[in-house]
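J.: Sharing my_file-v1.cif (mmCIF, C-alpha atoms) below.
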```cif
data_query
loop_
_atom_site.label_atom_id
_atom_site.label_comp_id
_atom_site.auth_asym_id
_atom_site.auth_seq_id
_atom_site.Cartn_x
_atom_site.Cartn_y
_atom_site.Cartn_z
CA MET A 1 117.51 -23.92 82.68
CA THR A 2 117.23 -27.25 80.89
CA ILE A 3 117.37 -30.77 82.24
CA PHE A 4 120.74 -29.81 83.72
CA LYS A 5 119.33 -28.18 86.82
CA ARG A 6 121.33 -25.40 88.43
CA ILE A 7 124.37 -26.48 90.43
CA THR A 8 125.09 -23.87 93.08
CA VAL A 9 128.40 -24.21 94.85
CA GLY A 10 130.19 -22.44 97.65
CA LEU A 11 127.85 -21.26 100.38
CA LEU A 12 129.19 -23.65 102.93
CA LEU A 13 132.74 -24.44 102.11
CA VAL A 14 134.75 -21.31 101.53
CA ALA A 15 137.63 -23.69 101.32
CA VAL A 16 137.37 -27.42 101.31
CA LEU A 17 140.04 -30.01 101.37
CA SER A 18 142.33 -27.86 99.23
CA ALA A 19 142.58 -25.12 101.82
CA CYS A 20 142.10 -26.49 105.29
CA GLY A 21 145.28 -24.72 106.30
CA GLY A 22 148.13 -25.81 108.46
CA GLY A 23 151.07 -25.68 106.08
CA GLY A 24 153.19 -28.47 104.68
CA GLY A 25 152.22 -31.28 102.43
CA GLY A 26 151.32 -31.28 98.79
CA GLY A 27 148.84 -32.60 96.27
CA GLY A 28 149.95 -36.26 96.18
CA GLY A 29 150.98 -38.89 98.59
CA LEU A 30 153.82 -38.56 101.05
CA GLY A 31 155.58 -41.62 99.68
CA LEU A 32 154.88 -43.44 102.95
CA ALA A 33 151.66 -44.82 104.37
CA LEU A 34 150.02 -42.28 106.65
CA GLN A 35 149.92 -43.13 110.35
CA PRO A 36 147.67 -41.87 113.17
CA LEU A 37 148.51 -38.25 113.92
CA ALA A 38 149.46 -36.99 117.36
CA ILE A 39 147.22 -34.03 118.25
CA ASP A 40 148.57 -31.23 120.43
CA ASP A 41 148.36 -27.46 120.89
CA THR A 42 150.49 -26.83 117.82
CA ASN A 43 148.18 -28.52 115.32
CA ALA A 44 144.76 -28.77 117.00
CA MET A 45 143.34 -25.83 115.07
CA GLN A 46 144.49 -27.18 111.70
CA VAL A 47 143.28 -30.68 112.56
CA THR A 48 139.86 -29.27 113.43
CA ALA A 49 139.74 -27.28 110.19
CA ALA A 50 140.75 -30.32 108.14
CA VAL A 51 138.08 -32.55 109.68
CA LEU A 52 135.35 -29.96 109.33
CA ASP A 53 136.38 -29.30 105.74
CA ALA A 54 136.57 -33.00 104.90
CA SER A 55 133.06 -33.45 106.30
CA ALA A 56 131.82 -30.32 104.59
CA VAL A 57 133.15 -31.31 101.17
CA VAL A 58 130.34 -33.87 101.14
CA VAL A 59 127.55 -31.42 102.00
CA ASP A 60 126.33 -27.85 101.56
CA VAL A 61 125.12 -25.22 103.97
CA GLY A 62 121.47 -24.44 104.63
CA GLU A 63 120.47 -22.28 101.68
CA PRO A 64 117.20 -21.82 99.83
CA GLY A 65 116.95 -24.78 97.48
CA GLY A 66 119.96 -26.51 99.00
CA PRO A 67 119.63 -30.14 100.00
CA ILE A 68 121.39 -30.17 103.32
CA ALA A 69 123.52 -28.32 105.83
CA GLY A 70 127.09 -28.41 107.02
CA VAL A 71 129.87 -26.81 108.98
CA VAL A 72 131.87 -23.91 107.57
CA VAL A 73 135.61 -23.45 107.62
CA GLU A 74 137.23 -20.63 105.66
CA GLY A 75 140.49 -20.74 103.75
CA ASP A 76 141.04 -19.58 100.17
CA SER A 77 138.49 -19.01 97.43
CA ALA A 78 138.23 -22.62 96.29
CA GLU A 79 134.80 -24.13 96.80
CA LEU A 80 133.35 -27.57 96.35
CA ASP A 81 130.20 -29.43 97.36
CA LEU A 82 130.22 -32.97 96.03
CA ALA A 83 126.76 -33.92 97.25
CA LYS A 84 125.15 -31.04 95.44
CA ILE A 85 127.09 -31.73 92.25
CA VAL A 86 126.14 -35.40 92.35
CA ARG A 87 122.56 -34.67 93.38
CA ALA A 88 122.06 -32.18 90.56
CA HIS A 89 123.30 -34.59 87.95
CA VAL A 90 120.95 -37.33 89.06
CA ASP A 91 118.52 -35.27 86.99
CA LEU A 92 120.26 -36.66 83.91
CA PHE A 93 117.86 -39.59 84.37
CA SER A 94 115.31 -37.39 82.63
CA VAL A 95 117.55 -37.37 79.55
CA LEU A 96 117.14 -41.15 79.43
CA ARG A 97 113.39 -40.62 79.26
CA GLU A 98 113.79 -38.28 76.28
CA GLN A 99 116.19 -40.63 74.52
CA THR A 100 113.74 -43.53 74.61
CA ALA A 101 111.56 -41.48 72.27
CA VAL A 102 114.25 -39.68 70.28
CA ALA A 103 116.26 -42.81 69.52
CA GLN A 104 113.11 -44.95 69.22
CA ILE A 105 114.62 -47.43 71.60
CA THR A 106 112.64 -50.52 72.41
CA GLY A 107 112.72 -51.44 76.05
CA VAL A 108 114.56 -49.65 78.80
CA VAL A 109 118.26 -50.13 78.05
CA ILE A 110 119.71 -46.84 76.82
CA PRO A 111 122.96 -46.99 74.81
CA PRO A 112 125.61 -44.26 75.19
CA THR A 113 124.08 -40.97 74.06
CA LYS A 114 125.99 -37.69 73.82
CA VAL A 115 124.27 -34.55 75.10
CA GLN A 116 125.70 -31.05 74.74
CA CYS A 117 126.28 -29.12 77.95
CA LEU A 118 124.76 -25.66 78.23
CA VAL A 119 127.90 -23.63 77.46
CA ASP A 120 130.51 -26.01 76.13
CA GLY A 121 131.56 -29.64 76.22
CA SER A 122 129.35 -32.68 76.46
CA VAL A 123 128.19 -35.52 78.66
CA THR A 124 127.61 -39.05 77.38
CA ILE A 125 124.90 -40.89 79.25
CA SER A 126 123.75 -44.47 79.29
CA GLY A 127 121.61 -46.50 81.61
CA GLU A 128 118.69 -48.76 82.25
CA ILE A 129 115.31 -47.70 83.56
CA ALA A 130 112.30 -49.83 84.40
CA ASP A 131 109.74 -47.08 83.72
CA PRO A 132 110.27 -45.70 80.19
CA GLN A 133 108.01 -42.76 81.05
CA LEU A 134 110.27 -42.01 84.03
CA MET A 135 107.47 -41.03 86.36
CA THR A 136 109.10 -43.02 89.15
CA PHE A 137 112.47 -44.59 89.86
CA MET A 138 112.69 -48.29 90.50
CA PRO A 139 115.31 -50.19 92.51
CA GLY A 140 118.06 -51.24 90.15
CA ASP A 141 117.64 -48.34 87.71
CA THR A 142 121.08 -47.21 86.57
CA LEU A 143 122.67 -44.14 85.02
CA THR A 144 126.24 -43.54 83.91
CA ALA A 145 127.37 -40.05 82.93
CA VAL A 146 130.77 -39.47 81.33
CA PHE A 147 131.69 -35.78 81.25
CA ASN A 148 133.96 -34.25 78.60
CA SER A 149 134.88 -30.66 79.54
CA CYS A 150 131.22 -30.12 80.45
CA ASP A 151 130.44 -26.47 81.21
CA ASP A 152 126.88 -25.70 82.27
CA GLY A 153 127.59 -22.06 83.08
CA ASP A 154 127.72 -22.68 86.83
CA GLY A 155 131.40 -21.89 87.24
CA LEU A 156 132.49 -25.54 87.06
CA ILE A 157 133.99 -27.66 84.30
CA LEU A 158 133.56 -31.42 84.72
CA ASN A 159 135.46 -34.37 83.33
CA GLY A 160 135.25 -37.99 84.38
CA THR A 161 132.47 -40.37 85.35
CA MET A 162 129.49 -40.51 87.70
CA ALA A 163 127.54 -43.75 87.99
CA PHE A 164 124.25 -44.12 89.86
CA VAL A 165 122.20 -47.07 91.04
CA VAL A 166 118.74 -46.57 92.55
CA VAL A 167 118.48 -48.40 95.86
CA SER A 168 114.97 -47.24 96.73
CA SER A 169 112.62 -44.47 95.67
CA VAL A 170 109.20 -43.26 96.78
CA GLY A 171 107.72 -40.22 95.08
CA THR A 172 107.02 -38.67 91.69
CA ILE A 173 109.92 -37.31 89.67
CA ASP A 174 109.79 -33.58 88.89
CA LEU A 175 110.49 -33.43 85.15
CA ASP A 176 110.04 -29.65 84.88
CA PRO A 177 113.35 -28.46 83.33
CA ASN A 178 112.96 -25.11 85.12
CA SER A 179 112.67 -26.71 88.54
CA ASP A 180 115.57 -27.21 90.91
CA ASN A 181 113.78 -30.11 92.59
CA LEU A 182 114.39 -33.74 91.74
CA PHE A 183 111.08 -34.95 93.18
CA ILE A 184 107.62 -33.56 93.81
CA PRO A 185 107.09 -33.81 97.61
CA PRO A 186 106.53 -36.00 99.50
CA TYR A 187 109.49 -38.18 98.55
CA ASN A 188 112.11 -40.52 99.93
CA TYR A 189 115.01 -41.86 97.89
CA THR A 190 118.36 -43.60 98.23
CA PHE A 191 120.95 -43.70 95.44
CA ASP A 192 124.37 -45.30 95.37
CA SER A 193 126.90 -43.29 93.37
CA THR A 194 130.42 -44.04 92.23
CA LEU A 195 132.77 -41.24 91.16
CA THR A 196 135.68 -42.26 88.93
CA LYS A 197 138.42 -39.78 87.99
CA LEU A 198 135.85 -37.02 88.37
CA SER A 199 137.72 -33.78 87.73
CA ILE A 200 135.98 -30.60 88.86
CA ARG A 201 137.58 -27.29 87.92
CA GLU A 202 136.29 -24.16 89.63
CA ASN A 203 136.70 -21.22 87.26
CA ALA A 204 136.74 -18.51 89.94
CA SER A 205 139.74 -19.88 91.83
CA GLY A 206 141.34 -21.96 89.10
CA SER A 207 141.40 -24.90 91.51
CA THR A 208 140.90 -28.43 90.26
CA PHE A 209 139.60 -31.26 92.43
CA THR A 210 139.88 -34.91 91.41
CA VAL A 211 137.49 -37.27 93.13
CA ASN A 212 137.38 -41.06 93.31
CA GLY A 213 135.16 -43.11 95.56
CA ASP A 214 131.64 -43.94 96.56
CA MET A 215 128.77 -42.00 98.09
CA THR A 216 125.30 -43.13 99.10
CA LEU A 217 122.75 -40.32 99.05
CA GLN A 218 119.54 -40.60 101.05
CA GLU A 219 117.03 -37.77 101.22
CA ASP A 220 113.42 -37.43 102.30
CA SER A 221 110.92 -34.62 102.73
CA ASP A 222 107.20 -34.36 103.28
CA ASP A 223 106.87 -30.82 101.94
CA GLY A 224 110.12 -29.99 100.15
CA LEU A 225 110.95 -27.44 102.83
CA PHE A 226 112.07 -29.54 105.78
CA ILE A 227 114.64 -31.96 104.38
CA ASN A 228 116.49 -34.86 105.98
CA SER A 229 119.65 -36.05 104.26
CA GLU A 230 122.29 -38.69 104.79
CA PHE A 231 125.55 -39.05 102.90
CA SER A 232 127.75 -42.05 103.58
CA GLY A 233 130.31 -44.28 102.00
CA ASN A 234 133.26 -46.62 102.33
CA SER A 235 135.92 -44.39 100.79
CA LEU A 236 135.98 -40.94 99.18
CA LYS A 237 139.31 -39.57 97.96
CA VAL A 238 139.74 -35.92 96.96
CA THR A 239 142.99 -34.69 95.44
CA THR A 240 143.74 -30.96 95.13
CA PRO A 241 146.88 -28.97 94.33
CA VAL A 242 147.84 -29.00 98.02
CA THR A 243 146.51 -32.21 99.54
CA THR A 244 145.11 -35.66 99.03
CA ASP A 245 142.45 -36.40 101.62
CA THR A 246 140.52 -39.63 102.02
CA LEU A 247 137.39 -40.15 104.08
CA THR A 248 136.66 -43.77 105.02
CA ASP A 249 133.64 -45.32 106.71
CA TYR A 250 132.02 -41.89 106.74
CA GLN A 251 128.46 -40.84 107.49
CA ILE A 252 127.07 -37.30 107.55
CA LEU A 253 123.50 -36.60 108.64
CA SER A 254 121.84 -33.25 108.05
CA THR A 255 118.55 -31.42 108.27
CA LEU A 256 117.47 -28.18 106.63
CA ASP A 257 114.34 -26.22 107.62
CA GLN A 258 113.56 -23.63 104.98
CA ASN A 259 110.49 -22.57 106.95
CA ASN A 260 112.72 -21.44 109.81
CA ALA A 261 115.39 -19.09 108.44
CA ASN A 262 117.15 -22.08 106.84
CA ALA A 263 117.94 -23.59 110.23
CA TYR A 264 120.30 -26.52 109.84
CA THR A 265 121.80 -29.35 111.82
CA THR A 266 124.61 -31.68 110.84
CA ASP A 267 126.60 -34.44 112.48
CA GLY A 268 129.09 -36.92 111.17
CA LYS A 269 131.61 -39.62 111.86
CA GLY A 270 134.45 -41.26 110.01
CA THR A 271 138.19 -41.43 109.49
CA LEU A 272 140.26 -38.81 107.68
CA ALA A 273 143.68 -39.49 106.14
CA SER A 274 145.24 -36.20 105.04
CA THR A 275 148.57 -35.61 103.34
CA LEU A 276 148.33 -31.95 104.34
CA LEU A 277 148.14 -32.93 107.99
CA GLY A 278 150.55 -35.79 107.47
CA GLY A 279 148.45 -38.33 109.32
CA ILE A 280 145.15 -39.98 110.17
CA VAL A 281 142.47 -38.91 112.67
CA GLU A 282 139.02 -40.18 113.58
CA PHE A 283 136.03 -37.92 114.25
CA LEU A 284 132.62 -38.27 115.86
CA THR A 285 129.98 -35.60 116.37
CA THR A 286 128.54 -36.12 119.83
CA THR A 287 126.10 -33.19 119.70
CA PRO A 288 124.86 -32.12 116.24
CA PHE A 289 126.12 -28.78 115.02
CA ALA A 290 123.27 -26.32 114.48
CA GLY A 291 122.95 -22.89 112.96
CA PHE A 292 121.08 -20.73 110.49
CA GLY A 293 121.60 -20.08 106.80
CA ILE A 294 125.24 -19.60 105.82
CA ASP A 295 126.32 -18.70 109.35
CA PHE A 296 128.77 -20.78 111.33
CA PRO A 297 127.09 -23.14 113.79
CA ASP A 298 126.16 -21.70 117.18
CA SER A 299 125.98 -25.04 119.01
CA GLY A 300 127.36 -28.54 118.71
CA GLN A 301 130.29 -30.72 119.74
CA MET A 302 132.74 -33.02 117.95
CA ASP A 303 135.48 -35.33 119.25
CA ILE A 304 138.60 -35.83 117.12
CA THR A 305 141.12 -38.49 118.16
CA GLY A 306 144.62 -39.23 116.95
CA ALA A 307 147.68 -41.22 117.91
CA THR A 308 148.69 -42.29 121.39
CA VAL A 309 152.06 -40.71 122.09
CA VAL A 310 154.89 -42.53 123.86
CA GLY A 311 154.09 -42.53 127.57
CA GLY A 312 150.56 -41.31 126.94
CA ALA A 313 147.59 -42.60 128.90
CA GLY A 314 145.40 -42.81 125.79
CA PRO A 315 144.80 -41.36 122.34
CA SER A 316 145.54 -37.67 121.84
CA SER A 317 142.42 -35.66 121.07
CA VAL A 318 140.72 -32.35 120.56
CA THR A 319 137.11 -31.71 121.49
CA VAL A 320 135.43 -29.02 119.41
CA PHE A 321 132.64 -26.89 120.90
CA ALA A 322 130.61 -24.36 118.89
CA VAL A 323 130.35 -21.43 121.31
CA ASN A 324 128.36 -19.24 118.93
CA SER A 325 128.39 -18.37 115.23
CA GLN A 326 131.62 -16.40 115.69
CA CYS A 327 133.60 -18.38 118.25
CA VAL A 328 134.74 -21.97 118.63
CA ARG A 329 136.39 -23.63 121.65
CA LEU A 330 138.95 -26.43 121.48
CA LEU A 331 139.91 -28.62 124.43
CA VAL A 332 143.23 -30.26 123.56
CA ASP A 333 144.39 -33.43 125.33
CA PRO A 334 147.80 -34.39 123.88
CA ASN A 335 148.46 -37.30 126.26
CA GLY A 336 145.01 -38.83 126.64
CA ASP A 337 145.15 -38.31 130.39
CA GLY A 338 142.23 -35.88 130.67
CA VAL A 339 144.48 -32.87 131.29
CA THR A 340 143.49 -30.34 128.63
CA SER A 341 144.49 -26.94 127.35
CA ASP A 342 141.87 -24.48 126.17
CA ILE A 343 141.84 -22.60 122.86
CA ILE A 344 139.07 -20.12 122.09
CA THR A 345 139.23 -18.54 118.64
CA THR A 346 137.15 -17.60 115.61
CA TRP A 347 135.90 -20.15 113.13
CA GLU A 348 137.69 -18.29 110.34
CA SER A 349 141.08 -18.57 112.07
CA LEU A 350 141.09 -22.37 112.37
CA PRO A 351 143.07 -23.10 109.18
CA THR A 352 145.78 -20.59 110.12
CA GLY A 353 146.68 -22.25 113.41
CA VAL A 354 146.90 -18.81 115.03
CA PRO A 355 144.18 -18.08 117.63
CA VAL A 356 142.25 -14.84 117.24
CA ASP A 357 140.64 -13.18 120.25
CA CYS A 358 136.96 -14.00 120.29
CA PRO A 359 135.14 -12.85 123.47
CA VAL A 360 132.45 -15.26 124.61
#
```
What is this file in structure tokens?

T.:
Amino acid sequence: MTIFKRITVGLLLVAVLSACGGGGGGGGGLGLALQPLAIDDTNAMQVTAAVLDASAVVVDVGEPGGPIAGVVVEGDSAELDLAKIVRAHVDLFSVLREQTAVAQITGVVIPPTKVQCLVDGSVTISGEIADPQLMTFMPGDTLTAVFNSCDDGDGLILNGTMAFVVVSSVGTIDLDPNSDNLFIPPYNYTFDSTLTKLSIRENASGSTFTVNGDMTLQEDSDDGLFINSEFSGNSLKVTTPVTTDTLTDYQILSTLDQNNANAYTTDGKGTLASTLLGGIVEFLTTTPFAGFGIDFPDSGQMDITGATVVGGAGPSSVTVFAVNSQCVRLLVDPNGDGVTSDIITTWESLPTGVPVDCPV
């Protein structure tokens, strides 16, 4: 590996926003502004899958070397983990360090510099760094990366722009090109990132994701093994061949313990507008989801709320309970009156909308 550290994709999200199931819809807008969605027995499974997938598109499951953890929902073979893609390319800061010497640049402002990707294509980087030796990041350090059919041999081809601004940083940067780590522990950092027309093509499935929006990444670790992460933002829009989904006012918190069988926790909140679902729902994790490795979570609870139907006592909703790593329970309240129906099924079946027997 070189300064482009390995991007591994697809342990958590066996289908993200492009395959959260439920039928209908398409890759663009509906032509009309989306409205709050009424949740009932007929769509509760697909709504749950869509929310979990929309949350999971931001994060990755607990894997060795992975930054964080998330919830799994299965659909087709398309896979995407934005946080890991963004996090890996923060390492392009080290290219700025090399260019200060190569281009004999005086000061810390780096003009656009083209760098070849490992297999094909290129990335043009520019930025401004306070420490020309790049031993530490400083608040206000910036990096812009413009990808042109960049193929690093990781199964992804990138086009578009990522821009980073360092908010805070404590720790020494790991400049070893063979290391998958951004920092030498202990460390604590916060970066603001903006993704503009970022096109990510996954070779295995042929799926292309186009991403626009903002993401703040915060991560800290004392030993590089137990990792706390937070991913948040105002708006993150992902367009796929089958849906356009937008997360707003979102926050996803995660932990990963690589000393304990990659035990993970994750919880999140936000609003999802989905053309595949044809509406808008809000979600809030009330008990963090928890599990091990790439398994589905075996505990945790999330509340998803939608529209108030005519004559309803309150917002329609579905409450999601992780029963174990095979089974999930949904309590559906279509009228907001506290009278619920019960669906127990497998995690894998959620996108299909058809319950599968799952003894608990």

J.: For the PyMOL selection byres ((chain A and resi 145) around 8), applied here, can you spell out every residue it catches as a list in words?

T.: Leu92, Val123, Thr124, Ile125, Ser126, Leu143, Thr144, Val146, Phe147, Thr161, Met162 and Ala163 of chain A

J.: Translate the PyMOL selection byres ((chain A and resi 218-225) around 10) into a concrete residue list for this structure, as a PyMOL selection string.

T.: chain A and resi 64-68+167-171+181+183-192+215-217+226-232+253-260+262

J.: Suppose a student applies the PyMOL selection byres ((chain A and resi 198-212) around 6) to this structure; what residues should they get, written as a VMD selection string?

T.: chain A and resid 77 to 78 155 to 161 195 to 197 213 237 to 240

J.: Got time to write the residues from that selection, C-alpha atoms, as a compact mmCIF listing (two decimals), keeping the file's coordinate frame?

T.:
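Dumped to part-v4.txt:
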```
# COMPACT_ATOMS: atom_id res chain seq x y z
CA SER A 77 138.49 -19.01 97.43
CA ALA A 78 138.23 -22.62 96.29
CA GLY A 155 131.40 -21.89 87.24
CA LEU A 156 132.49 -25.54 87.06
CA ILE A 157 133.99 -27.66 84.30
CA LEU A 158 133.56 -31.42 84.72
CA ASN A 159 135.46 -34.37 83.33
CA GLY A 160 135.25 -37.99 84.38
CA THR A 161 132.47 -40.37 85.35
CA LEU A 195 132.77 -41.24 91.16
CA THR A 196 135.68 -42.26 88.93
CA LYS A 197 138.42 -39.78 87.99
CA GLY A 213 135.16 -43.11 95.56
CA LYS A 237 139.31 -39.57 97.96
CA VAL A 238 139.74 -35.92 96.96
CA THR A 239 142.99 -34.69 95.44
CA THR A 240 143.74 -30.96 95.13
```

J.: Hey, which of A:Val339, A:Met135, A:Ile39, A:Val309 ends up closest to Gly279 (chain A)? Count all atoms listed in the file.

T.: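 Going through A:Val339, A:Met135, A:Ile39, A:Val309 one by one, the smallest distance to Gly279 (chain A) is for A:Ile39.
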
J.: Separation of CA of Thr287 (chain A) and CA of Asn43 (chain A), in Å?

T.: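 Distance between the two atoms: 23.0 Å.
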
J.: Measure the distance from CA of Ser55 (chain A) to CA of Thr248 (chain A) in Å and round it to one decimal.

T.: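 Computing the Euclidean distance for CA of Ser55 (chain A) and CA of Thr248 (chain A) yields 11.0 Å.
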